Every structure is written in C-alpha cells, then in structure tokens.
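Engineer: Following this line is final_8.pdb, made up of PDB, C-alpha atoms, pLDDT in the B column:
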ATOM      1  CA  VAL A   1     -42.918 -72.332-114.019  1.00 83.00           C
ATOM      2  CA  ASP A   2     -44.982 -71.109-111.080  1.00 86.00           C
ATOM      3  CA  VAL A   3     -42.359 -68.481-110.204  1.00 85.00           C
ATOM      4  CA  PHE A   4     -42.312 -67.214-113.806  1.00 86.00           C
ATOM      5  CA  ASN A   5     -46.106 -67.184-114.069  1.00 87.00           C
ATOM      6  CA  THR A   6     -46.291 -65.163-110.875  1.00 86.00           C
ATOM      7  CA  ALA A   7     -43.558 -62.757-112.017  1.00 83.00           C
ATOM      8  CA  ALA A   8     -45.216 -62.282-115.414  1.00 87.00           C
ATOM      9  CA  ALA A   9     -48.778 -62.156-114.051  1.00 89.00           C
ATOM     10  CA  GLU A  10     -49.693 -65.299-115.991  1.00 91.00           C
ATOM     11  CA  GLY A  11     -48.247 -63.770-119.180  1.00 86.00           C
ATOM     12  CA  ALA A  12     -50.068 -60.440-118.896  1.00 92.00           C
ATOM     13  CA  GLN A  13     -46.888 -58.515-117.983  1.00 90.00           C
ATOM     14  CA  MET A  14     -44.286 -59.724-120.457  1.00 89.00           C
ATOM     15  CA  GLY A  15     -42.755 -56.295-121.152  1.00 91.00           C
ATOM     16  CA  LYS A  16     -39.576 -57.009-119.201  1.00 87.00           C
ATOM     17  CA  TYR A  17     -39.003 -60.295-121.022  1.00 85.00           C
ATOM     18  CA  SER A  18     -39.962 -58.869-124.384  1.00 87.00           C
ATOM     19  CA  ALA A  19     -37.414 -56.068-123.915  1.00 90.00           C
ATOM     20  CA  LEU A  20     -34.708 -58.618-123.068  1.00 87.00           C
ATOM     21  CA  LEU A  21     -35.531 -60.575-126.241  1.00 85.00           C
ATOM     22  CA  THR A  22     -35.439 -57.381-128.312  1.00 86.00           C
ATOM     23  CA  ASP A  23     -32.032 -56.489-126.850  1.00 90.00           C
ATOM     24  CA  ALA A  24     -30.705 -59.961-127.692  1.00 86.00           C
ATOM     25  CA  ILE A  25     -31.915 -59.701-131.296  1.00 84.00           C
ATOM     26  CA  HIS A  26     -30.378 -56.236-131.704  1.00 84.00           C
ATOM     27  CA  SER A  27     -27.109 -57.644-130.359  1.00 87.00           C
ATOM     28  CA  MET A  28     -27.168 -60.431-132.972  1.00 81.00           C
ATOM     29  CA  ILE A  29     -27.841 -57.895-135.721  1.00 79.00           C
ATOM     30  CA  ASP A  30     -24.922 -55.722-134.549  1.00 82.00           C
ATOM     31  CA  VAL A  31     -22.521 -58.682-134.445  1.00 79.00           C
ATOM     32  CA  THR A  32     -23.592 -59.790-137.919  1.00 76.00           C
ATOM     33  CA  GLU A  33     -23.075 -56.297-139.338  1.00 76.00           C
ATOM     34  CA  GLU A  34     -19.625 -56.047-137.730  1.00 77.00           C
ATOM     35  CA  ARG A  35     -18.650 -59.460-139.106  1.00 76.00           C
ATOM     36  CA  ASP A  36     -19.811 -58.447-142.576  1.00 72.00           C
ATOM     37  CA  ILE A  37     -17.764 -55.237-142.488  1.00 73.00           C
ATOM     38  CA  ASP A  38     -14.689 -57.094-141.211  1.00 70.00           C
ATOM     39  CA  SER A  39     -15.032 -59.619-144.031  1.00 67.00           C
ATOM     40  CA  LEU A  40     -14.624 -56.831-146.586  1.00 69.00           C
ATOM     41  CA  PHE A  41     -11.096 -56.185-145.348  1.00 73.00           C
ATOM     42  CA  THR A  42      -9.824 -59.745-145.076  1.00 71.00           C
ATOM     43  CA  GLY A  43      -8.675 -62.141-147.743  1.00 70.00           C
ATOM     44  CA  GLY A  44     -11.096 -64.572-149.273  1.00 68.00           C
ATOM     45  CA  SER A  45     -14.823 -64.269-149.720  1.00 69.00           C
ATOM     46  CA  THR A  46     -17.024 -61.742-147.985  1.00 65.00           C
ATOM     47  CA  THR A  47     -20.217 -62.267-146.056  1.00 60.00           C
ATOM     48  CA  ALA A  48     -21.394 -58.718-146.747  1.00 61.00           C
ATOM     49  CA  LEU A  49     -24.711 -58.611-148.596  1.00 62.00           C
ATOM     50  CA  THR A  50     -25.046 -62.408-148.550  1.00 63.00           C
ATOM     51  CA  GLN A  51     -27.128 -62.534-145.392  1.00 64.00           C
ATOM     52  CA  THR A  52     -29.653 -59.852-144.691  1.00 68.00           C
ATOM     53  CA  ILE A  53     -31.114 -59.333-141.245  1.00 68.00           C
ATOM     54  CA  ALA A  54     -33.270 -56.247-141.351  1.00 65.00           C
ATOM     55  CA  GLY A  55     -34.767 -56.293-137.900  1.00 69.00           C
ATOM     56  CA  LEU A  56     -37.081 -57.941-135.429  1.00 71.00           C
ATOM     57  CA  ASP A  57     -39.401 -59.255-138.137  1.00 76.00           C
ATOM     58  CA  ASP A  58     -36.627 -61.592-139.331  1.00 75.00           C
ATOM     59  CA  PHE A  59     -36.858 -63.599-136.100  1.00 77.00           C
ATOM     60  CA  GLU A  60     -39.538 -65.850-134.718  1.00 80.00           C
ATOM     61  CA  PRO A  61     -38.926 -67.395-131.316  1.00 79.00           C
ATOM     62  CA  THR A  62     -39.923 -71.027-131.113  1.00 85.00           C
ATOM     63  CA  ALA A  63     -39.100 -71.379-127.429  1.00 84.00           C
ATOM     64  CA  PHE A  64     -37.559 -69.406-124.613  1.00 80.00           C
ATOM     65  CA  ILE A  65     -36.024 -70.000-121.232  1.00 83.00           C
ATOM     66  CA  ALA A  66     -36.558 -67.498-118.446  1.00 80.00           C
ATOM     67  CA  VAL A  67     -34.296 -67.571-115.426  1.00 80.00           C
ATOM     68  CA  VAL A  68     -36.277 -65.953-112.631  1.00 78.00           C
ATOM     69  CA  ASP A  69     -35.082 -65.237-109.113  1.00 78.00           C
ATOM     70  CA  PRO A  70     -37.776 -66.725-106.860  1.00 77.00           C
ATOM     71  CA  THR A  71     -36.932 -64.217-104.119  1.00 80.00           C
ATOM     72  CA  GLU A  72     -37.991 -61.255-106.281  1.00 69.00           C
ATOM     73  CA  GLY A  73     -41.626 -62.350-106.354  1.00 56.00           C
ATOM     74  CA  GLY A  74     -42.839 -59.908-108.983  1.00 51.00           C
ATOM     75  CA  VAL A  75     -42.141 -58.036-112.171  1.00 50.00           C
ATOM     76  CA  ASP A  76     -39.520 -55.299-112.080  1.00 49.00           C
ATOM     77  CA  ASP A  77     -39.977 -52.531-114.629  1.00 45.00           C
TER      78      ASP A  77
END
Could you show the structure in this file as structure tokens?
Structural biologist:
Amino acid sequence: VDVFNTAAAEGAQMGKYSALLTDAIHSMIDVTEERDIDSLFTGGSTTALTQTIAGLDDFEPTAFIAVVDPTEGGVDD
C-alpha cells in the first residue's frame, strides 16, 4: 500500500491507473460486441441486443488491485 500511495501521490495522481481501467473496460465492450456479432451467424439463440453496454457509465468499480513495481518509485505518465 505504501508503494502505491507513493506512486499515486496519495491518490492525487491517479491518471495512469484511471487510463488502465478505461482501457480494460473498452476491451470488455469490444469483446462483448464481437461475441454478439458472432452469435448472429451461429445456430441457436443470439446474444445481440440482449445485453447493452454503452460505455464507461455502465461500470462501477467496487475494488481494484494495483500491481506496482517498488523500484519505479513514482508515477510514469
């Protein structure tokens, strides 16, 4: 925790971690869209239009884990 607090300036510099979270959410949206499109061309039921994920507002993190290299000692932008 101390390493993370130092790297994030006690939470004041969370841009790096926020960008990583945004990238992860966009990746989930992309995978869901691809799965929905694939389901249109396979037998059985489709998942298209049954689950809608519009964007970042559809997610609310309840917890996160940050893996921080203690040798870096600061925030990289």
Engineer: Select, from A:Ile37, A:Val68, A:Leu56, A:Ala7, the residue with the minimum atom-to-atom distance to A:Leu21, counting all atoms listed in the file.
Structural biologist: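 Of A:Ile37, A:Val68, A:Leu56, A:Ala7, the one nearest A:Leu21 is A:Leu56, counting all atoms listed in the file.
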Engineer: For a quick check of understanding, using all atoms listed in the file, which of A:Met14, A:Ile65, A:Asp57, A:Val3 has the smallest distance to A:His26?
Structural biologist: A:Asp57
Engineer: Taking the file as I've supplied it (selection: the PyMOL selection byres ((chain A and resi 5) around 12)), which residues are included? Please answer as a PyMOL selection string.
Structural biologist: chain A and resi 1-4+6-14+66-68+70+73-75
Engineer: Just to confirm, what's the straight-line distance from atom CA of A:Phe59 to atom CA of A:Asp38 in Å (one decimal)?
Structural biologist: 23.7 Å
Engineer: Which distance in Å separates atom CA of A:Thr42 and atom CA of A:Met28, to one decimal?
Structural biologist: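 Calculated distance between atom CA of A:Thr42 and atom CA of A:Met28 is 21.2 Å.
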